[in-house]
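Shown next: entry.txt, containing compact mmCIF, C-alpha atoms.
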```txt
# COMPACT_ATOMS: atom_id res chain seq x y z
CA MET F 1 28.11 -8.34 -2.79
CA LEU F 2 25.73 -6.44 -0.52
CA LEU F 3 24.71 -4.06 -3.30
CA GLY F 4 24.09 -7.00 -5.63
CA GLY F 5 21.97 -8.70 -2.98
CA ARG F 6 19.95 -5.52 -2.43
CA LEU F 7 19.45 -5.17 -6.18
CA LEU F 8 18.16 -8.74 -6.55
CA THR F 9 15.97 -8.39 -3.45
CA GLY F 10 14.48 -5.18 -4.80
CA LEU F 11 13.82 -6.82 -8.15
CA ALA F 12 12.09 -9.77 -6.47
CA CYS F 13 10.00 -7.52 -4.22
CA GLY F 14 8.95 -5.43 -7.21
CA ILE F 15 7.81 -8.50 -9.12
CA ALA F 16 6.00 -9.93 -6.08
CA SER F 17 4.21 -6.64 -5.36
CA LEU F 18 2.89 -6.71 -8.93
CA VAL F 19 2.03 -10.38 -9.34
CA ALA F 20 0.70 -11.38 -5.89
CA PRO F 21 -2.36 -9.04 -5.80
CA VAL F 22 -3.28 -9.89 -9.39
CA TYR F 23 -2.97 -13.65 -8.85
CA ILE F 24 -5.12 -13.51 -5.70
CA SER F 25 -7.80 -11.34 -7.32
CA GLU F 26 -8.10 -13.76 -10.26
CA ILE F 27 -8.49 -16.92 -8.14
CA ALA F 28 -10.71 -15.54 -5.34
CA TYR F 29 -14.49 -15.61 -5.05
CA PRO F 30 -15.98 -12.09 -5.29
CA GLU F 31 -17.37 -12.48 -1.75
CA VAL F 32 -13.91 -12.94 -0.21
CA ARG F 33 -11.70 -11.14 -2.72
CA GLY F 34 -11.38 -8.12 -0.42
CA LEU F 35 -10.28 -10.28 2.51
CA LEU F 36 -7.76 -12.28 0.49
CA GLY F 37 -6.50 -9.25 -1.43
CA SER F 38 -5.92 -7.34 1.82
CA CYS F 39 -3.89 -10.25 3.12
CA VAL F 40 -1.07 -9.19 0.78
CA GLN F 41 -0.55 -6.02 2.79
CA LEU F 42 -1.23 -7.89 6.03
CA MET F 43 1.58 -10.34 5.30
CA VAL F 44 3.89 -7.42 4.44
CA VAL F 45 3.33 -5.67 7.78
CA ILE F 46 3.58 -8.96 9.70
CA GLY F 47 6.90 -9.57 7.97
CA ILE F 48 8.10 -6.09 8.92
CA LEU F 49 7.08 -6.64 12.55
CA LEU F 50 8.85 -10.00 12.68
CA ALA F 51 11.97 -8.39 11.19
CA TYR F 52 11.87 -5.73 13.95
CA LEU F 53 11.59 -8.42 16.62
CA ALA F 54 14.29 -10.60 15.07
CA GLY F 55 16.58 -7.58 14.83
CA TRP F 56 16.65 -7.41 18.64
CA VAL F 57 18.30 -10.81 18.96
CA LEU F 58 20.12 -11.40 15.67
CA GLU F 59 22.99 -9.64 13.99
CA TRP F 60 22.38 -8.47 10.44
CA ARG F 61 24.06 -11.46 8.75
CA TRP F 62 21.76 -13.97 10.46
CA LEU F 63 18.83 -11.65 9.88
CA ALA F 64 19.60 -11.84 6.14
CA VAL F 65 19.77 -15.64 6.32
CA LEU F 66 16.42 -15.69 8.13
CA GLY F 67 15.00 -13.57 5.32
CA CYS F 68 15.66 -16.45 2.92
CA VAL F 69 13.13 -18.70 4.67
CA PRO F 70 9.78 -17.15 3.51
CA PRO F 71 10.71 -16.91 -0.19
CA SER F 72 12.00 -20.49 -0.07
CA PHE F 73 8.62 -21.69 1.20
CA MET F 74 6.89 -19.57 -1.44
CA LEU F 75 9.04 -21.10 -4.19
CA LEU F 76 8.18 -24.63 -3.06
CA LEU F 77 4.46 -24.06 -2.49
CA MET F 78 3.86 -22.14 -5.73
CA CYS F 79 5.05 -25.20 -7.62
CA CYS F 80 1.78 -26.83 -6.47
CA MET F 81 -0.44 -23.95 -7.60
CA PRO F 82 -2.08 -23.74 -11.04
CA GLU F 83 -2.17 -20.76 -13.37
CA THR F 84 -5.28 -18.64 -12.96
CA PRO F 85 -8.28 -19.82 -15.02
CA ARG F 86 -8.65 -16.38 -16.61
CA PHE F 87 -5.06 -16.40 -17.85
CA LEU F 88 -5.44 -19.93 -19.24
CA LEU F 89 -8.58 -18.90 -21.13
CA THR F 90 -6.72 -16.04 -22.81
CA LYS F 91 -4.29 -18.68 -24.07
CA HIS F 92 -7.25 -20.77 -25.33
CA LYS F 93 -6.47 -23.57 -22.86
CA HIS F 94 -10.05 -24.33 -21.89
CA GLN F 95 -9.47 -27.78 -20.40
CA GLU F 96 -6.60 -26.57 -18.24
CA ALA F 97 -8.73 -23.62 -17.11
CA MET F 98 -11.52 -25.96 -16.04
CA ALA F 99 -9.01 -28.15 -14.15
CA ALA F 100 -7.57 -25.07 -12.40
CA MET F 101 -11.10 -23.99 -11.49
CA GLN F 102 -11.82 -27.40 -10.01
CA PHE F 103 -8.60 -27.25 -7.98
CA LEU F 104 -9.19 -23.70 -6.70
CA TRP F 105 -12.96 -23.58 -6.23
CA GLY F 106 -13.94 -27.24 -6.08
CA SER F 107 -16.56 -26.65 -8.80
CA GLU F 108 -17.32 -24.47 -11.81
CA GLN F 109 -20.45 -22.95 -10.26
CA GLY F 110 -20.58 -19.17 -10.11
CA TRP F 111 -17.83 -18.83 -12.70
CA GLU F 112 -18.36 -16.11 -15.27
CA GLU F 113 -16.14 -16.77 -18.24
CA PRO F 114 -14.37 -13.60 -19.40
CA PRO F 115 -14.81 -12.57 -23.04
CA VAL F 116 -11.72 -13.60 -24.94
CA ARG F 117 -11.52 -12.29 -28.49
CA ALA F 118 -8.55 -12.29 -30.82
CA GLU F 119 -8.43 -8.52 -31.10
CA HIS F 120 -8.24 -8.21 -27.32
CA GLN F 121 -4.98 -10.05 -26.87
CA GLY F 122 -2.28 -7.64 -25.72
CA PHE F 123 -2.20 -3.92 -25.01
CA ARG F 124 -1.94 -1.14 -27.58
CA LEU F 125 -1.73 2.60 -26.90
CA VAL F 126 -4.75 3.26 -29.10
CA GLN F 127 -6.86 1.38 -26.55
CA LEU F 128 -6.34 4.26 -24.09
CA GLN F 129 -9.08 6.11 -25.99
CA ARG F 130 -11.66 3.69 -24.57
CA PRO F 131 -13.33 4.54 -21.22
CA GLY F 132 -12.92 0.93 -20.08
CA ILE F 133 -9.15 1.40 -20.30
CA TYR F 134 -8.30 5.01 -19.49
CA LYS F 135 -10.61 5.32 -16.48
CA PRO F 136 -9.02 2.39 -14.58
CA PHE F 137 -5.57 3.71 -15.61
CA ILE F 138 -6.29 7.13 -14.09
CA ILE F 139 -7.76 5.62 -10.93
CA GLY F 140 -4.96 3.08 -10.44
CA ILE F 141 -2.12 5.57 -10.98
CA SER F 142 -3.80 8.22 -8.81
CA LEU F 143 -4.34 5.78 -5.95
CA MET F 144 -0.68 4.80 -5.97
CA ALA F 145 0.46 8.43 -6.09
CA PHE F 146 -1.86 9.51 -3.27
CA GLN F 147 -0.73 6.57 -1.14
CA GLN F 148 2.84 7.88 -1.11
CA LEU F 149 1.92 11.59 -1.00
CA SER F 150 -0.08 10.98 2.18
CA GLY F 151 3.15 11.30 4.16
CA ILE F 152 3.52 7.71 5.36
CA ASN F 153 7.29 7.67 4.84
CA ALA F 154 7.69 11.05 6.55
CA VAL F 155 5.82 9.83 9.62
CA MET F 156 7.89 6.64 9.74
CA PHE F 157 11.09 8.72 9.56
CA TYR F 158 10.12 10.49 12.77
CA ALA F 159 8.88 7.48 14.75
CA GLU F 160 11.95 6.77 16.87
CA SER F 161 12.84 10.42 17.58
CA ILE F 162 9.26 11.15 18.66
CA PHE F 163 9.31 8.24 21.10
CA GLN F 164 12.63 9.53 22.43
CA GLU F 165 11.14 12.96 23.11
CA ALA F 166 8.19 11.31 24.86
CA LYS F 167 10.79 9.73 27.20
CA PHE F 168 10.15 6.08 26.41
CA LYS F 169 12.67 4.00 28.38
CA ASP F 170 13.66 2.12 25.25
CA SER F 171 13.13 4.21 22.11
CA SER F 172 13.84 1.18 19.93
CA LEU F 173 10.40 0.00 21.06
CA ALA F 174 9.07 2.59 18.60
CA SER F 175 9.57 0.24 15.67
CA VAL F 176 7.76 -2.59 17.44
CA VAL F 177 4.87 -0.37 18.54
CA VAL F 178 4.49 0.95 14.98
CA GLY F 179 4.63 -2.60 13.63
CA VAL F 180 1.98 -3.85 16.06
CA ILE F 181 -0.37 -0.98 15.13
CA GLN F 182 0.12 -1.72 11.43
CA VAL F 183 -0.61 -5.42 11.86
CA LEU F 184 -3.65 -4.89 14.10
CA PHE F 185 -5.42 -2.34 11.89
CA THR F 186 -4.50 -4.02 8.60
CA ALA F 187 -6.06 -7.22 10.01
CA ILE F 188 -9.19 -5.27 10.96
CA ALA F 189 -9.36 -3.81 7.46
CA ALA F 190 -9.03 -7.29 5.92
CA LEU F 191 -11.86 -8.64 8.06
CA VAL F 192 -14.33 -5.84 7.24
CA MET F 193 -13.25 -5.18 3.64
CA ASP F 194 -16.01 -7.25 2.01
CA ARG F 195 -18.70 -5.85 4.29
CA ALA F 196 -17.80 -2.16 4.59
CA GLY F 197 -16.55 -1.79 1.02
CA ARG F 198 -13.45 -0.20 -0.49
CA ARG F 199 -14.77 3.36 -0.93
CA LEU F 200 -15.95 3.74 2.66
CA LEU F 201 -12.67 2.49 4.12
CA LEU F 202 -10.62 4.68 1.77
CA ALA F 203 -12.64 7.78 2.68
CA LEU F 204 -12.54 7.00 6.42
CA SER F 205 -8.81 6.34 6.23
CA GLY F 206 -8.23 9.61 4.40
CA VAL F 207 -10.20 11.63 6.96
CA VAL F 208 -8.21 10.10 9.84
CA MET F 209 -4.95 10.92 8.05
CA VAL F 210 -6.07 14.53 7.45
CA PHE F 211 -6.59 15.08 11.18
CA SER F 212 -3.43 13.25 12.24
CA THR F 213 -1.10 15.02 9.77
CA SER F 214 -2.67 18.36 10.73
CA ALA F 215 -1.95 17.58 14.38
CA PHE F 216 1.58 16.55 13.44
CA GLY F 217 2.06 19.90 11.73
CA ALA F 218 0.67 21.70 14.78
CA TYR F 219 3.17 19.84 16.98
CA PHE F 220 6.11 21.03 14.88
CA LYS F 221 4.68 24.55 14.67
CA LEU F 222 4.43 24.78 18.48
CA THR F 223 7.81 23.19 19.25
CA GLN F 224 10.02 24.63 16.51
CA ASP F 225 8.76 28.19 16.39
CA GLY F 226 11.17 29.12 19.16
CA PRO F 227 13.53 32.06 19.61
CA SER F 228 15.78 30.73 16.88
CA ASN F 229 14.03 31.48 13.63
CA SER F 230 16.47 29.56 11.46
CA SER F 231 15.02 28.08 8.29
CA HIS F 232 17.27 25.03 8.60
CA VAL F 233 15.81 22.11 10.52
CA GLU F 234 17.87 19.32 12.00
CA LEU F 235 15.58 16.34 11.65
CA TRP F 236 16.81 14.21 14.51
CA THR F 237 17.68 16.83 17.14
CA PRO F 238 15.38 17.01 20.18
CA VAL F 239 13.59 20.31 20.61
CA SER F 240 14.94 20.87 24.10
CA MET F 241 17.70 19.24 26.09
CA GLU F 242 15.59 19.50 29.25
CA PRO F 243 11.97 19.26 28.27
CA THR F 244 9.36 20.93 30.42
CA ASN F 245 5.98 19.45 31.23
CA ALA F 246 4.54 21.45 28.32
CA SER F 247 7.04 20.07 25.84
CA MET F 248 6.45 16.56 27.20
CA GLY F 249 2.74 17.08 26.58
CA LEU F 250 3.49 18.17 23.03
CA ALA F 251 5.67 15.10 22.55
CA TRP F 252 2.72 12.94 23.54
CA LEU F 253 0.59 14.88 21.04
CA ALA F 254 3.10 13.79 18.40
CA VAL F 255 2.99 10.17 19.61
CA GLY F 256 -0.80 10.14 19.50
CA SER F 257 -0.87 11.77 16.06
CA MET F 258 1.64 9.27 14.73
CA CYS F 259 -0.23 6.24 16.07
CA LEU F 260 -3.53 7.62 14.75
CA PHE F 261 -2.01 8.22 11.33
CA ILE F 262 -0.52 4.73 11.10
CA ALA F 263 -3.82 3.17 12.19
CA GLY F 264 -5.77 5.24 9.65
CA PHE F 265 -3.31 4.41 6.87
CA ALA F 266 -3.43 0.68 7.69
CA VAL F 267 -7.24 0.60 7.56
CA GLY F 268 -7.51 2.03 4.06
CA TRP F 269 -4.71 3.62 2.10
CA GLY F 270 -2.24 0.87 2.99
CA PRO F 271 -3.98 -2.21 1.55
CA ILE F 272 -6.76 -0.87 -0.69
CA PRO F 273 -4.77 0.72 -3.55
CA TRP F 274 -3.05 -2.65 -4.09
CA LEU F 275 -6.39 -4.45 -3.93
CA LEU F 276 -8.14 -2.09 -6.37
CA MET F 277 -5.17 -2.25 -8.73
CA SER F 278 -5.77 -5.97 -9.07
CA GLU F 279 -9.53 -5.57 -9.60
CA ILE F 280 -10.21 -2.68 -11.97
CA PHE F 281 -8.21 -3.51 -15.11
CA PRO F 282 -9.55 -5.65 -17.97
CA LEU F 283 -7.80 -8.95 -18.43
CA HIS F 284 -6.05 -8.08 -21.69
CA VAL F 285 -4.31 -4.95 -20.30
CA LYS F 286 -3.79 -6.10 -16.72
CA GLY F 287 -0.12 -6.98 -17.11
CA VAL F 288 0.91 -3.60 -18.52
CA ALA F 289 -1.51 -1.58 -16.39
CA THR F 290 -0.53 -3.13 -13.05
CA GLY F 291 3.12 -2.73 -14.01
CA VAL F 292 2.57 1.01 -14.58
CA CYS F 293 0.77 1.31 -11.22
CA VAL F 294 3.53 -0.49 -9.32
CA LEU F 295 6.17 1.63 -11.07
CA THR F 296 4.25 4.77 -10.07
CA ASN F 297 4.11 3.62 -6.44
CA TRP F 298 7.81 2.85 -6.12
CA LEU F 299 8.82 5.97 -8.08
CA MET F 300 6.71 8.19 -5.81
CA ALA F 301 8.12 6.42 -2.75
CA PHE F 302 11.65 7.14 -4.01
CA LEU F 303 10.89 10.81 -4.73
CA VAL F 304 9.15 11.42 -1.40
CA THR F 305 11.95 9.69 0.52
CA LYS F 306 14.67 11.57 -1.36
CA GLU F 307 13.13 15.04 -1.35
CA PHE F 308 11.32 15.18 1.98
CA SER F 309 14.29 16.64 3.86
CA SER F 310 14.64 19.39 1.26
CA LEU F 311 10.91 20.06 1.45
CA MET F 312 11.15 20.45 5.22
CA GLU F 313 13.92 23.01 4.86
CA VAL F 314 11.84 25.04 2.42
CA LEU F 315 8.42 24.79 4.09
CA ARG F 316 9.57 24.06 7.65
CA PRO F 317 8.41 20.76 9.19
CA TYR F 318 4.91 21.99 10.00
CA GLY F 319 4.46 23.20 6.41
CA ALA F 320 5.59 19.85 5.02
CA PHE F 321 3.10 17.93 7.15
CA TRP F 322 0.29 20.37 6.39
CA LEU F 323 1.07 19.84 2.71
CA ALA F 324 0.68 16.09 3.33
CA SER F 325 -2.64 16.89 5.01
CA ALA F 326 -3.74 18.75 1.86
CA PHE F 327 -2.87 15.70 -0.25
CA CYS F 328 -4.95 13.56 2.13
CA ILE F 329 -7.91 15.92 1.58
CA PHE F 330 -7.49 15.56 -2.19
CA SER F 331 -7.33 11.77 -1.78
CA VAL F 332 -10.70 11.76 0.04
CA LEU F 333 -12.31 13.94 -2.63
CA PHE F 334 -10.84 11.77 -5.39
CA THR F 335 -12.16 8.62 -3.70
CA LEU F 336 -15.70 9.98 -3.39
CA ALA F 337 -15.74 11.37 -6.93
CA CYS F 338 -13.93 8.74 -8.99
CA VAL F 339 -13.40 5.39 -7.26
CA PRO F 340 -16.21 2.84 -7.85
CA GLU F 341 -17.27 0.28 -5.27
CA THR F 342 -16.06 -3.19 -6.26
CA LYS F 343 -17.15 -5.33 -3.30
CA GLY F 344 -19.19 -8.39 -4.26
CA LYS F 345 -18.68 -7.87 -8.01
CA THR F 346 -16.91 -10.21 -10.38
CA LEU F 347 -13.94 -8.86 -12.31
CA GLU F 348 -16.08 -8.99 -15.46
CA GLN F 349 -18.80 -6.87 -13.83
CA ILE F 350 -16.18 -4.29 -12.80
CA THR F 351 -14.89 -4.12 -16.37
CA ALA F 352 -18.46 -3.74 -17.66
CA HIS F 353 -19.00 -0.83 -15.24
CA PHE F 354 -16.09 1.13 -16.71
CA GLU F 355 -17.23 0.35 -20.24
CA GLY F 356 -20.73 1.64 -19.45
CA ARG F 357 -22.43 -1.71 -20.00
```

Render the structure in this file as structure tokens.
Amino acid sequence: MLLGGRLLTGLACGIASLVAPVYISEIAYPEVRGLLGSCVQLMVVIGILLAYLAGWVLEWRWLAVLGCVPPSFMLLLMCCMPETPRFLLTKHKHQEAMAAMQFLWGSEQGWEEPPVRAEHQGFRLVQLQRPGIYKPFIIGISLMAFQQLSGINAVMFYAESIFQEAKFKDSSLASVVVGVIQVLFTAIAALVMDRAGRRLLLALSGVVMVFSTSAFGAYFKLTQDGPSNSSHVELWTPVSMEPTNASMGLAWLAVGSMCLFIAGFAVGWGPIPWLLMSEIFPLHVKGVATGVCVLTNWLMAFLVTKEFSSLMEVLRPYGAFWLASAFCIFSVLFTLACVPETKGKTLEQITAHFEGR
């Protein structure tokens, strides 16, 4: 029963993580698309924080029942929402598209009708030869891969043990502190997204993560290069049963690095890959393309989660985090070299950019 429930929940989350950003990007004004698109990730981290808080007072069965409430509201409220005008136009339902536009925007002003031609319905592999298709594919897949290779899951694995070593009275507070940081900085990112732009926030986020993962690696290098030179690392064992002032200081270095990393990730590499995924693909390939990006994200998350312990045994913990730092450097370089700025542009203008028009 539990496994079946987890399977269905995972299926629903996978579908929602694909459809929600795309739906929002297609119904939002260009001037607020960044704000509304970032709200997807904001709602995710708020939900995680509320789950942490509810877990303090509820047993797991009631926590599962409580988890039914948000999707129930979503099911009811989505019954009142129209299809996106762009989707309706691809189905040649012009009147319904105009009605949806009136409902969503209150007028048809500022609407740029996407080109809908018979030969553009559906996705075919031969279309990958066109720059307007393969460039967004490369960018979307790379963003999702770099998001997971940044080391976010590795840092989250260590959160509670790091707070324990820093002698927090209640180490379970670690989850709440992490959740609060995620919510706060994701909200900041949402508010400045349409003013600062996607590229700037991605680059800034990547630089912060480079420094924080490097400091994380330095922490493990200093604490675990002791007299015992064993290559095996026990992930959850404290470095010392009776920590000295020096080791306490190093523990606080780890706490600071972790909080800095989570804040940096929340400002850029948390919400923006999902936002850009919903913006950069042409209408006729968006379904397949976003599906491939979401699959890449969850596949990379699975691989990083599964293999990180083995990687730490091979490279030692400091080597694993310095490798994550190297991936963060590559992510910054990739952003500056390949990712276009999409703030303030319509989806049609973004498509035209990739096609060289």

### Query
Neighbours of Val339 in chain F within 9 Å (only C-alpha atoms; same-chain residues fewer than 5 positions away dropped), as an NGL selection string?
:F and (139 or 198-199 or 334)

Excluding same-chain residues fewer than 3 positions from range 25-39 of chain F, what lies within 8 Å of it counting only C-alpha atoms, as a short mmCIF file (atom, residue, chain, number, x, y, z; two decimals) with C-alpha atoms, keeping the file's coordinate frame?
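And here is the file that came out, around-v7.cif:
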```cif
data_model
loop_
_atom_site.label_atom_id
_atom_site.label_comp_id
_atom_site.auth_asym_id
_atom_site.auth_seq_id
_atom_site.Cartn_x
_atom_site.Cartn_y
_atom_site.Cartn_z
CA PRO F 21 -2.36 -9.04 -5.80
CA VAL F 22 -3.28 -9.89 -9.39
CA LEU F 42 -1.23 -7.89 6.03
CA MET F 43 1.58 -10.34 5.30
CA THR F 84 -5.28 -18.64 -12.96
CA PRO F 85 -8.28 -19.82 -15.02
CA ARG F 86 -8.65 -16.38 -16.61
CA LEU F 104 -9.19 -23.70 -6.70
CA THR F 186 -4.50 -4.02 8.60
CA ALA F 187 -6.06 -7.22 10.01
CA ALA F 189 -9.36 -3.81 7.46
CA ALA F 190 -9.03 -7.29 5.92
CA LEU F 191 -11.86 -8.64 8.06
CA VAL F 192 -14.33 -5.84 7.24
CA MET F 193 -13.25 -5.18 3.64
CA ASP F 194 -16.01 -7.25 2.01
CA PRO F 271 -3.98 -2.21 1.55
CA ILE F 272 -6.76 -0.87 -0.69
CA TRP F 274 -3.05 -2.65 -4.09
CA LEU F 275 -6.39 -4.45 -3.93
CA SER F 278 -5.77 -5.97 -9.07
CA GLU F 279 -9.53 -5.57 -9.60
CA LYS F 343 -17.15 -5.33 -3.30
CA GLY F 344 -19.19 -8.39 -4.26
CA LYS F 345 -18.68 -7.87 -8.01
CA THR F 346 -16.91 -10.21 -10.38
CA LEU F 347 -13.94 -8.86 -12.31
#
```

The residues within 9 Å of (4.5, 11.4, 9.3), using all atoms listed in the file and the coordinates of the file, should be reported as a tab-separated table (two decimals) with C-alpha atoms, in the frame of the given file; which are they?
```
chain	number	residue	atom	x	y	z
F	150	SER	CA	-0.08	10.98	2.18
F	151	GLY	CA	3.15	11.30	4.16
F	152	ILE	CA	3.52	7.71	5.36
F	153	ASN	CA	7.29	7.67	4.84
F	154	ALA	CA	7.69	11.05	6.55
F	155	VAL	CA	5.82	9.83	9.62
F	156	MET	CA	7.89	6.64	9.74
F	157	PHE	CA	11.09	8.72	9.56
F	158	TYR	CA	10.12	10.49	12.77
F	159	ALA	CA	8.88	7.48	14.75
F	212	SER	CA	-3.43	13.25	12.24
F	213	THR	CA	-1.10	15.02	9.77
F	216	PHE	CA	1.58	16.55	13.44
F	257	SER	CA	-0.87	11.77	16.06
F	258	MET	CA	1.64	9.27	14.73
F	261	PHE	CA	-2.01	8.22	11.33
F	262	ILE	CA	-0.52	4.73	11.10
F	321	PHE	CA	3.10	17.93	7.15
F	324	ALA	CA	0.68	16.09	3.33
```

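Across the model, the gap from CA of Ile133 in chain F to CA of Gly10 in chain F is 29.0 Å.
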
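Nearest to Ala289 in chain F of all the residues F:His353, F:Lys135, F:Arg6, F:Lys93 is F:Lys135, counting only C-alpha atoms.
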
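For the residues F:Ile48, F:Val126, F:Cys293, F:Leu315, ranking by smallest atom-to-atom distance to Leu276 in chain F using only C-alpha atoms places F:Cys293 first.
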
### Task
Write out as a PyMOL selection string which residues come within 7 Å of Glu355 in chain F when counting only C-alpha atoms, dropping same-chain ones fewer than 3 positions away.
chain F and resi 131-132+351-352

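Of the listed residues F:Ala263, F:Ala218, F:Ile188, F:Ile280, the one whose atoms come nearest to Ala320 in chain F is F:Ala218, with distances taken using only C-alpha atoms.
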
Kindly reconstruct range 329-336 of chain F with all heavy atoms and present the result as a PDB file, keeping the file's coordinate frame.
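Written file, out.pdb:
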```pdb
ATOM      1  N   ILE F 329      -6.590  15.366   1.913  1.00  0.00           N
ATOM      2  CA  ILE F 329      -7.910  15.920   1.580  1.00  0.00           C
ATOM      3  C   ILE F 329      -8.243  15.621   0.120  1.00  0.00           C
ATOM      4  O   ILE F 329      -9.356  15.178  -0.211  1.00  0.00           O
ATOM      5  CB  ILE F 329      -7.948  17.434   1.847  1.00  0.00           C
ATOM      6  CG1 ILE F 329      -7.841  17.706   3.353  1.00  0.00           C
ATOM      7  CG2 ILE F 329      -9.224  18.054   1.287  1.00  0.00           C
ATOM      8  CD1 ILE F 329      -7.693  19.171   3.703  1.00  0.00           C
ATOM      9  N   PHE F 330      -7.274  15.855  -0.768  1.00  0.00           N
ATOM     10  CA  PHE F 330      -7.490  15.560  -2.190  1.00  0.00           C
ATOM     11  C   PHE F 330      -7.781  14.073  -2.400  1.00  0.00           C
ATOM     12  O   PHE F 330      -8.588  13.703  -3.266  1.00  0.00           O
ATOM     13  CB  PHE F 330      -6.279  15.980  -3.018  1.00  0.00           C
ATOM     14  CG  PHE F 330      -6.160  17.464  -3.211  1.00  0.00           C
ATOM     15  CD1 PHE F 330      -4.992  18.131  -2.894  1.00  0.00           C
ATOM     16  CD2 PHE F 330      -7.228  18.205  -3.713  1.00  0.00           C
ATOM     17  CE1 PHE F 330      -4.870  19.501  -3.070  1.00  0.00           C
ATOM     18  CE2 PHE F 330      -7.126  19.578  -3.896  1.00  0.00           C
ATOM     19  CZ  PHE F 330      -5.951  20.230  -3.568  1.00  0.00           C
ATOM     20  N   SER F 331      -7.115  13.213  -1.619  1.00  0.00           N
ATOM     21  CA  SER F 331      -7.330  11.770  -1.780  1.00  0.00           C
ATOM     22  C   SER F 331      -8.757  11.387  -1.403  1.00  0.00           C
ATOM     23  O   SER F 331      -9.368  10.529  -2.051  1.00  0.00           O
ATOM     24  CB  SER F 331      -6.314  10.985  -0.938  1.00  0.00           C
ATOM     25  OG  SER F 331      -6.613  11.062   0.442  1.00  0.00           O
ATOM     26  N   VAL F 332      -9.308  12.029  -0.357  1.00  0.00           N
ATOM     27  CA  VAL F 332     -10.700  11.760   0.040  1.00  0.00           C
ATOM     28  C   VAL F 332     -11.654  12.216  -1.055  1.00  0.00           C
ATOM     29  O   VAL F 332     -12.592  11.485  -1.441  1.00  0.00           O
ATOM     30  CB  VAL F 332     -11.029  12.455   1.371  1.00  0.00           C
ATOM     31  CG1 VAL F 332     -12.514  12.299   1.698  1.00  0.00           C
ATOM     32  CG2 VAL F 332     -10.183  11.882   2.500  1.00  0.00           C
ATOM     33  N   LEU F 333     -11.439  13.414  -1.573  1.00  0.00           N
ATOM     34  CA  LEU F 333     -12.310  13.940  -2.630  1.00  0.00           C
ATOM     35  C   LEU F 333     -12.227  13.073  -3.880  1.00  0.00           C
ATOM     36  O   LEU F 333     -13.246  12.785  -4.527  1.00  0.00           O
ATOM     37  CB  LEU F 333     -11.917  15.382  -2.962  1.00  0.00           C
ATOM     38  CG  LEU F 333     -12.093  16.400  -1.825  1.00  0.00           C
ATOM     39  CD1 LEU F 333     -11.574  17.771  -2.249  1.00  0.00           C
ATOM     40  CD2 LEU F 333     -13.554  16.487  -1.403  1.00  0.00           C
ATOM     41  N   PHE F 334     -11.019  12.631  -4.221  1.00  0.00           N
ATOM     42  CA  PHE F 334     -10.840  11.770  -5.390  1.00  0.00           C
ATOM     43  C   PHE F 334     -11.572  10.446  -5.200  1.00  0.00           C
ATOM     44  O   PHE F 334     -12.231   9.943  -6.127  1.00  0.00           O
ATOM     45  CB  PHE F 334      -9.349  11.526  -5.630  1.00  0.00           C
ATOM     46  CG  PHE F 334      -9.068  10.593  -6.774  1.00  0.00           C
ATOM     47  CD1 PHE F 334      -9.085  11.047  -8.084  1.00  0.00           C
ATOM     48  CD2 PHE F 334      -8.789   9.248  -6.541  1.00  0.00           C
ATOM     49  CE1 PHE F 334      -8.842  10.183  -9.135  1.00  0.00           C
ATOM     50  CE2 PHE F 334      -8.545   8.379  -7.585  1.00  0.00           C
ATOM     51  CZ  PHE F 334      -8.571   8.860  -8.893  1.00  0.00           C
ATOM     52  N   THR F 335     -11.480   9.888  -3.999  1.00  0.00           N
ATOM     53  CA  THR F 335     -12.160   8.620  -3.700  1.00  0.00           C
ATOM     54  C   THR F 335     -13.670   8.753  -3.899  1.00  0.00           C
ATOM     55  O   THR F 335     -14.314   7.917  -4.554  1.00  0.00           O
ATOM     56  CB  THR F 335     -11.863   8.177  -2.267  1.00  0.00           C
ATOM     57  OG1 THR F 335     -10.459   7.943  -2.128  1.00  0.00           O
ATOM     58  CG2 THR F 335     -12.619   6.907  -1.925  1.00  0.00           C
ATOM     59  N   LEU F 336     -14.249   9.804  -3.325  1.00  0.00           N
ATOM     60  CA  LEU F 336     -15.700   9.980  -3.390  1.00  0.00           C
ATOM     61  C   LEU F 336     -16.171  10.284  -4.806  1.00  0.00           C
ATOM     62  O   LEU F 336     -17.281   9.905  -5.195  1.00  0.00           O
ATOM     63  CB  LEU F 336     -16.123  11.109  -2.439  1.00  0.00           C
ATOM     64  CG  LEU F 336     -15.853  10.851  -0.947  1.00  0.00           C
ATOM     65  CD1 LEU F 336     -16.229  12.075  -0.127  1.00  0.00           C
ATOM     66  CD2 LEU F 336     -16.603   9.621  -0.458  1.00  0.00           C
TER      67      LEU F 336
END
```
